[in-house]
file entry-v4.pdb (PDB, C-alpha atoms)
ATOM      1  CA  MET N   1     111.473 104.502 103.158
ATOM      2  CA  GLU N   2     112.757 104.545  99.596
ATOM      3  CA  GLY N   3     110.626 102.646  97.100
ATOM      4  CA  LEU N   4     107.308 103.107  98.881
ATOM      5  CA  VAL N   5     104.325 104.802  97.268
ATOM      6  CA  ALA N   6     101.607 106.703  99.121
ATOM      7  CA  PHE N   7      98.159 105.368  98.261
ATOM      8  CA  GLY N   8      96.067 107.368 100.686
ATOM      9  CA  PHE N   9      95.763 109.970 103.399
ATOM     10  CA  TYR N  10      93.369 109.741 106.334
ATOM     11  CA  ILE N  11      92.185 112.210 108.954
ATOM     12  CA  CYS N  12      91.767 109.810 111.885
ATOM     13  CA  ARG N  13      89.671 110.139 115.011
ATOM     14  CA  ALA N  14      91.085 107.956 117.807
ATOM     15  CA  ALA N  15      89.068 104.811 118.406
ATOM     16  CA  GLU N  16      86.777 104.586 121.412
ATOM     17  CA  SER N  17      87.245 100.812 121.373
ATOM     18  CA  HIS N  18      90.057  98.923 119.679
ATOM     19  CA  PRO N  19      91.528  95.405 119.741
ATOM     20  CA  LEU N  20      94.577  96.856 121.516
ATOM     21  CA  SER N  21      92.741  99.352 123.720
ATOM     22  CA  ASN N  22      94.367  98.030 126.880
ATOM     23  CA  GLN N  23      97.489  99.970 125.841
ATOM     24  CA  ASN N  24      96.438 103.572 125.182
ATOM     25  CA  PRO N  25      92.911 103.949 123.784
ATOM     26  CA  ASN N  26      93.272 107.707 123.345
ATOM     27  CA  LYS N  27      95.708 107.271 120.442
ATOM     28  CA  MET N  28      94.580 104.121 118.629
ATOM     29  CA  ILE N  29      94.024 104.827 114.931
ATOM     30  CA  SER N  30      93.951 102.854 111.691
ATOM     31  CA  ALA N  31      93.409 103.111 107.951
ATOM     32  CA  SER N  32      90.655 100.547 108.508
ATOM     33  CA  ASP N  33      87.287 102.141 109.156
ATOM     34  CA  CYS N  34      86.410  99.005 111.126
ATOM     35  CA  LEU N  35      88.696 100.294 113.872
ATOM     36  CA  CYS N  36      88.343 104.100 113.876
ATOM     37  CA  TYR N  37      86.436 106.941 112.244
ATOM     38  CA  HIS N  38      87.881 108.981 109.399
ATOM     39  CA  GLU N  39      86.928 112.572 108.665
ATOM     40  CA  PRO N  40      84.970 113.801 106.888
ATOM     41  CA  GLN N  41      82.388 111.088 107.530
ATOM     42  CA  ILE N  42      80.757 111.420 104.158
ATOM     43  CA  PHE N  43      77.727 109.288 105.042
ATOM     44  CA  LEU N  44      76.809 111.914 107.664
ATOM     45  CA  CYS N  45      77.208 114.833 105.251
ATOM     46  CA  HIS N  46      74.513 116.784 103.476
ATOM     47  CA  GLY N  47      72.857 114.895 100.632
ATOM     48  CA  TRP N  48      73.504 111.380 101.961
ATOM     49  CA  LYS N  49      70.401 109.451 102.976
ATOM     50  CA  PRO N  50      69.299 108.294 105.438
ATOM     51  CA  ARG N  51      72.120 109.417 107.773
ATOM     52  CA  GLY N  52      73.037 112.773 106.257
ATOM     53  CA  ASP N  53      72.579 116.010 108.235
ATOM     54  CA  ASP N  54      73.099 114.185 111.510
ATOM     55  CA  GLU N  55      72.527 116.684 114.321
ATOM     56  CA  ASN N  56      75.397 115.437 116.457
ATOM     57  CA  TYR N  57      77.753 115.598 113.503
ATOM     58  CA  ILE N  58      76.687 119.133 112.594
ATOM     59  CA  SER N  59      77.372 120.227 116.186
ATOM     60  CA  ARG N  60      81.092 119.439 115.760
ATOM     61  CA  PHE N  61      81.468 122.368 113.382
ATOM     62  CA  ARG N  62      81.603 126.048 114.226
ATOM     63  CA  SER N  63      78.293 126.666 112.455
ATOM     64  CA  LYS N  64      75.795 124.933 110.209
ATOM     65  CA  ASP N  65      77.000 127.080 107.329
ATOM     66  CA  GLU N  66      80.533 125.727 107.826
ATOM     67  CA  TYR N  67      79.166 122.165 107.910
ATOM     68  CA  LEU N  68      77.227 122.754 104.675
ATOM     69  CA  LYS N  69      80.290 124.261 102.971
ATOM     70  CA  MET N  70      82.405 121.294 104.050
ATOM     71  CA  SER N  71      79.705 118.892 102.815
ATOM     72  CA  GLU N  72      79.579 120.593  99.433
ATOM     73  CA  GLU N  73      83.354 120.476  99.053
ATOM     74  CA  ILE N  74      83.809 116.858 100.135
ATOM     75  CA  ASN N  75      80.954 115.719  97.905
ATOM     76  CA  GLY N  76      82.657 117.486  94.993
ATOM     77  CA  LEU N  77      85.933 115.733  95.785
ATOM     78  CA  HIS N  78      84.126 112.389  96.069
ATOM     79  CA  ASN N  79      82.388 112.916  92.726
ATOM     80  CA  SER N  80      85.751 113.670  91.111
ATOM     81  CA  GLY N  81      87.181 110.355  92.332
ATOM     82  CA  LEU N  82      89.674 111.924  94.750
ATOM     83  CA  PHE N  83      87.927 111.064  98.026
ATOM     84  CA  PHE N  84      86.558 107.645  98.874
ATOM     85  CA  GLU N  85      83.765 106.374 101.078
ATOM     86  CA  ASP N  86      86.207 104.809 103.544
ATOM     87  CA  GLY N  87      87.570 108.312 104.290
ATOM     88  CA  ARG N  88      90.670 108.089 102.095
ATOM     89  CA  PHE N  89      92.033 111.141 100.305
ATOM     90  CA  ALA N  90      93.965 110.335  97.140
ATOM     91  CA  ARG N  91      96.082 113.513  97.324
ATOM     92  CA  ILE N  92      97.923 115.030 100.243
ATOM     93  CA  GLU N  93      96.962 118.590  99.279
ATOM     94  CA  ASP N  94      93.258 117.756  99.684
ATOM     95  CA  ALA N  95      93.824 116.007 103.015
ATOM     96  CA  LEU N  96      95.799 118.997 104.299
ATOM     97  CA  TYR N  97      93.139 121.447 103.111
ATOM     98  CA  PHE N  98      90.285 119.669 104.913
ATOM     99  CA  PHE N  99      92.387 119.062 108.012
ATOM    100  CA  ASN N 100      93.487 122.699 108.284
ATOM    101  CA  THR N 101      90.160 124.234 107.253
ATOM    102  CA  TYR N 102      87.591 122.112 109.063
ATOM    103  CA  PHE N 103      89.226 119.744 111.554
ATOM    104  CA  ARG N 104      92.291 121.462 113.028
ATOM    105  CA  ASP N 105      90.480 122.330 116.262
ATOM    106  CA  GLN N 106      89.452 118.702 116.840
ATOM    107  CA  ASP N 107      91.625 115.979 118.361
ATOM    108  CA  LEU N 108      92.503 114.250 115.082
ATOM    109  CA  ILE N 109      95.600 112.769 113.464
ATOM    110  CA  LEU N 110      96.464 113.073 109.767
ATOM    111  CA  ILE N 111      98.321 110.063 108.372
ATOM    112  CA  SER N 112      99.801 108.787 105.134
ATOM    113  CA  VAL N 113      99.728 105.089 104.208
ATOM    114  CA  SER N 114     102.351 103.691 101.830
ATOM    115  CA  SER N 115     103.394 100.404 100.334
ATOM    116  CA  ARG N 116     105.447  99.005  97.478
ATOM    117  CA  LEU N 117     104.125  99.408  93.966
ATOM    118  CA  ASP N 118     104.042  95.674  93.288
ATOM    119  CA  TYR N 119     101.396  95.296  96.008
ATOM    120  CA  LEU N 120      99.348  98.295  94.891
ATOM    121  CA  LYS N 121      99.195  97.307  91.226
ATOM    122  CA  THR N 122      97.050  94.321  92.117
ATOM    123  CA  TYR N 123      94.185  96.615  93.217
ATOM    124  CA  GLU N 124      92.287  98.468  90.490
ATOM    125  CA  ASP N 125      90.358 100.524  93.084
ATOM    126  CA  ILE N 126      93.426 101.950  94.849
ATOM    127  CA  LYS N 127      94.748 105.173  93.324
ATOM    128  CA  TYR N 128      98.253 106.425  93.957
ATOM    129  CA  TYR N 129     100.212 109.444  92.789
ATOM    130  CA  GLY N 130     103.967 109.002  92.484
ATOM    131  CA  ASN N 131     106.550 108.249  95.138
ATOM    132  CA  ASP N 132     105.886 109.253  98.724
ATOM    133  CA  ASP N 133     107.940 112.316  99.685
ATOM    134  CA  MET N 134     108.291 111.674 103.400
ATOM    135  CA  ASP N 135     110.205 114.802 104.376
ATOM    136  CA  GLY N 136     108.515 116.137 107.474
ATOM    137  CA  PHE N 137     106.501 112.970 108.019
ATOM    138  CA  ASP N 138     106.962 111.019 111.260
ATOM    139  CA  ALA N 139     107.107 107.231 110.869
ATOM    140  CA  ILE N 140     104.656 105.810 113.418
ATOM    141  CA  GLY N 141     104.708 102.099 112.613
ATOM    142  CA  MET N 142     103.547  99.353 110.311
ATOM    143  CA  ASP N 143     100.156  97.830 109.648
ATOM    144  CA  ILE N 144      98.886  94.874 107.629
ATOM    145  CA  LEU N 145      95.910  95.777 105.436
ATOM    146  CA  GLY N 146      93.632  94.050 102.946
ATOM    147  CA  TRP N 147      91.253  95.710 100.485
ATOM    148  CA  ASP N 148      87.615  94.569 100.633
ATOM    149  CA  ASN N 149      85.520  96.204  97.896
ATOM    150  CA  TYR N 150      85.058  99.655  99.474
ATOM    151  CA  SER N 151      87.439  99.823 102.418
ATOM    152  CA  PHE N 152      90.407  98.270 104.178
ATOM    153  CA  HIS N 153      90.523  95.669 106.885
ATOM    154  CA  SER N 154      93.452  95.603 109.271
ATOM    155  CA  PHE N 155      94.779  92.254 110.406
ATOM    156  CA  LEU N 156      93.700  93.407 113.862
ATOM    157  CA  CYS N 157      90.059  93.163 112.767
ATOM    158  CA  ASN N 158      90.309  89.377 113.142
ATOM    159  CA  SER N 159      92.827  89.351 116.009
ATOM    160  CA  LEU N 160      95.463  87.885 113.703
ATOM    161  CA  GLN N 161      98.099  89.546 115.862
ATOM    162  CA  ASP N 162      97.605  86.593 118.212
ATOM    163  CA  GLU N 163      99.498  84.489 115.658
ATOM    164  CA  PHE N 164     102.645  86.462 116.545
ATOM    165  CA  PRO N 165     103.133  86.726 120.308
ATOM    166  CA  ASP N 166     106.510  88.443 119.916
ATOM    167  CA  ILE N 167     105.376  91.493 117.928
ATOM    168  CA  ARG N 168     105.019  94.777 119.782
ATOM    169  CA  PHE N 169     102.605  97.647 119.234
ATOM    170  CA  ASN N 170     103.010 101.353 119.920
ATOM    171  CA  LYS N 171     100.532 103.873 121.310
ATOM    172  CA  TYR N 172      98.892 104.275 117.895
ATOM    173  CA  GLY N 173      98.196 100.557 117.569
ATOM    174  CA  PHE N 174     100.820  99.994 114.859
ATOM    175  CA  ILE N 175     103.541  97.363 114.779
ATOM    176  CA  GLU N 176     106.977  98.498 115.872
ATOM    177  CA  THR N 177     109.071  96.873 113.153
ATOM    178  CA  ASP N 178     110.555  97.449 109.699
ATOM    179  CA  TYR N 179     108.805  97.075 106.357
ATOM    180  CA  GLU N 180     110.396  93.735 105.443
ATOM    181  CA  THR N 181     109.333  92.156 108.734
ATOM    182  CA  ALA N 182     105.793  93.472 108.200
ATOM    183  CA  ALA N 183     105.863  91.898 104.721
ATOM    184  CA  LEU N 184     106.834  88.572 106.259
ATOM    185  CA  ILE N 185     103.956  88.818 108.739
ATOM    186  CA  ALA N 186     101.568  89.564 105.868
ATOM    187  CA  SER N 187     102.765  86.515 103.950
ATOM    188  CA  LYS N 188     102.174  84.261 106.956
ATOM    189  CA  ILE N 189      98.528  85.287 107.407
ATOM    190  CA  GLN N 190      97.429  84.926 103.776
ATOM    191  CA  GLY N 191      94.174  82.977 103.689
ATOM    192  CA  LYS N 192      93.335  83.789 107.300
ATOM    193  CA  GLY N 193      90.715  86.179 108.639
ATOM    194  CA  GLU N 194      88.866  88.324 106.117
ATOM    195  CA  PRO N 195      88.888  87.034 102.501
ATOM    196  CA  VAL N 196      91.450  89.623 101.371
ATOM    197  CA  ASP N 197      95.058  89.718 100.184
ATOM    198  CA  TRP N 198      97.087  91.024 103.111
ATOM    199  CA  PHE N 199      99.949  93.427 102.416
ATOM    200  CA  PRO N 200     102.358  95.500 104.554
ATOM    201  CA  VAL N 201     101.784  99.213 105.022
ATOM    202  CA  ALA N 202     104.056 101.922 106.414
ATOM    203  CA  VAL N 203     102.175 104.622 108.318
ATOM    204  CA  TYR N 204     103.393 108.203 108.734
ATOM    205  CA  ARG N 205     101.964 111.022 110.806
ATOM    206  CA  ILE N 206     101.671 114.308 108.941
ATOM    207  CA  ARG N 207      99.984 116.400 111.640
TER     208      ARG N 207
END

call {"tool": "encode", "arguments": {"input": "entry-v4.pdb", "output": "structure tokens"}}
result
Amino acid sequence: MEGLVAFGFYICRAAESHPLSNQNPNKMISASDCLCYHEPQIFLCHGWKPRGDDENYISRFRSKDEYLKMSEEINGLHNSGLFFEDGRFARIEDALYFFNTYFRDQDLILISVSSRLDYLKTYEDIKYYGNDDMDGFDAIGMDILGWDNYSFHSFLCNSLQDEFPDIRFNKYGFIETDYETAALIASKIQGKGEPVDWFPVAVYRIR
């Protein structure tokens, strides 16, 4: 949608449990790390204590050498301020590189999250790089997010969807509506749930 700006890219692993899991739990994803895992899981990578070098996490890679190479590269990106602890890539080229190099063989979904600039300017911690070129991206719904120090909450984290019995969700757990309607929903839940400023987000699937 014209006028939206991408503020992050996530490699999402479908949630094992989700507030909407009675629909299709194999596809439920979110930009909120309360609801699903994002890759790479930097806290499980080499050099992070006490959870780094997790044996189960290492086993997801083709070899330990590949895991260590991935860890080195994601730590470098994190140190440069282009990858964040909630699993958000600031640039699409980095998200695509890690997805294609390390996670293509796993059942993961790469998404872009976008919103209007007037919302994003209120958050000093959220980086964004120009307008979102959505050619080749598949629109997969809307979400309502709020920034909380180091990560996002979705309005689903507090079951705020119950305030709106008429809204419908798709297989990914996103609202099936347009951006302006999502903005109206966000305005109606201000002050409810987590102590955050809720804002509408358009979600696109890249891979």

call {"tool": "closest_residue", "arguments": {"input": "entry-v4.pdb", "among": "N:Leu20, N:Ile11, N:Ile126, N:Ala31", "to": "N:Asp162", "atoms": "all atoms listed in the file"}}
result
N:Leu20

call {"tool": "closest_atom_pairs", "arguments": {"input": "entry-v4.pdb", "of": "stretch 109-183 of chain N", "to": "stretch 72-88 of chain N", "cutoff": "12 Å", "atoms": "only C-alpha atoms", "output": "Markdown table"}}
result
| residue | atom | partner | partner_atom | distance |
| --- | --- | --- | --- | --- |
| N:Leu110 | CA | N:Arg88 | CA | 10.8 |
| N:Ile111 | CA | N:Arg88 | CA | 10.1 |
| N:Ser112 | CA | N:Arg88 | CA | 9.6 |
| N:Val113 | CA | N:Arg88 | CA | 9.8 |
| N:Asp125 | CA | N:Phe84 | CA | 9.9 |
| N:Ile126 | CA | N:Phe84 | CA | 9.8 |
| N:Lys127 | CA | N:Leu82 | CA | 8.6 |
| N:Tyr128 | CA | N:Leu82 | CA | 10.2 |
| N:Tyr129 | CA | N:Leu82 | CA | 11.0 |
| N:Trp147 | CA | N:Asp86 | CA | 10.8 |
| N:Asp148 | CA | N:Asp86 | CA | 10.7 |
| N:Asn149 | CA | N:Asp86 | CA | 10.3 |
| N:Tyr150 | CA | N:Asp86 | CA | 6.7 |
| N:Ser151 | CA | N:Asp86 | CA | 5.3 |
| N:Phe152 | CA | N:Asp86 | CA | 7.8 |
| N:His153 | CA | N:Asp86 | CA | 10.6 |

call {"tool": "closest_residue", "arguments": {"input": "entry-v4.pdb", "among": "N:Trp198, N:Lys171, N:Arg62, N:Ser187", "to": "N:His18", "atoms": "all atoms listed in the file"}}
result
N:Lys171

call {"tool": "closest_residue", "arguments": {"input": "entry-v4.pdb", "among": "N:Ile144, N:Ala139, N:Leu4, N:Ile109", "to": "N:Ser32", "atoms": "all atoms listed in the file"}}
result
N:Ile144

call {"tool": "atom_distance", "arguments": {"input": "entry-v4.pdb", "atom1": "atom CA of N:Pro200", "atom2": "atom CA of N:Glu16"}}
result
24.7 Å

call {"tool": "resolve_selection", "arguments": {"input": "entry-v4.pdb", "expression": "the PyMOL selection byres ((chain N and resi 202-205) around 10)", "output": "ChimeraX atom specification"}}
result
/N:1,4-6,9-10,30-31,109-116,134,136-144,174-175,177-179,182,200-201,206-207

call {"tool": "closest_residue", "arguments": {"input": "entry-v4.pdb", "among": "N:Asn170, N:Ser154, N:Gln161, N:Ser59", "to": "N:Ile185", "atoms": "all atoms listed in the file"}}
result
N:Gln161

call {"tool": "atom_distance", "arguments": {"input": "entry-v4.pdb", "atom1": "atom CA of N:Leu108", "atom2": "atom CA of N:Leu68"}}
result
20.3 Å

call {"tool": "closest_residue", "arguments": {"input": "entry-v4.pdb", "among": "N:Asp118, N:Asp65, N:Glu93, N:Asp107", "to": "N:His46", "atoms": "only C-alpha atoms"}}
result
N:Asp65

call {"tool": "closest_residue", "arguments": {"input": "entry-v4.pdb", "among": "N:Trp48, N:Phe99, N:Phe164, N:Phe89", "to": "N:Ser71", "atoms": "all atoms listed in the file"}}
result
N:Trp48

call {"tool": "resolve_selection", "arguments": {"input": "entry-v4.pdb", "expression": "the PyMOL selection byres ((chain N and resi 61) around 12)", "output": "list in words"}}
result
Pro40, Cys45, Asp54, Glu55, Asn56, Tyr57, Ile58, Ser59, Arg60, Arg62, Ser63, Lys64, Asp65, Glu66, Tyr67, Leu68, Lys69, Met70, Ser71, Thr101, Tyr102, Phe103, Arg104, Asp105 and Gln106 of chain N

call {"tool": "atom_distance", "arguments": {"input": "entry-v4.pdb", "atom1": "atom CA of N:Gly173", "atom2": "atom CA of N:Leu156"}}
result
9.2 Å
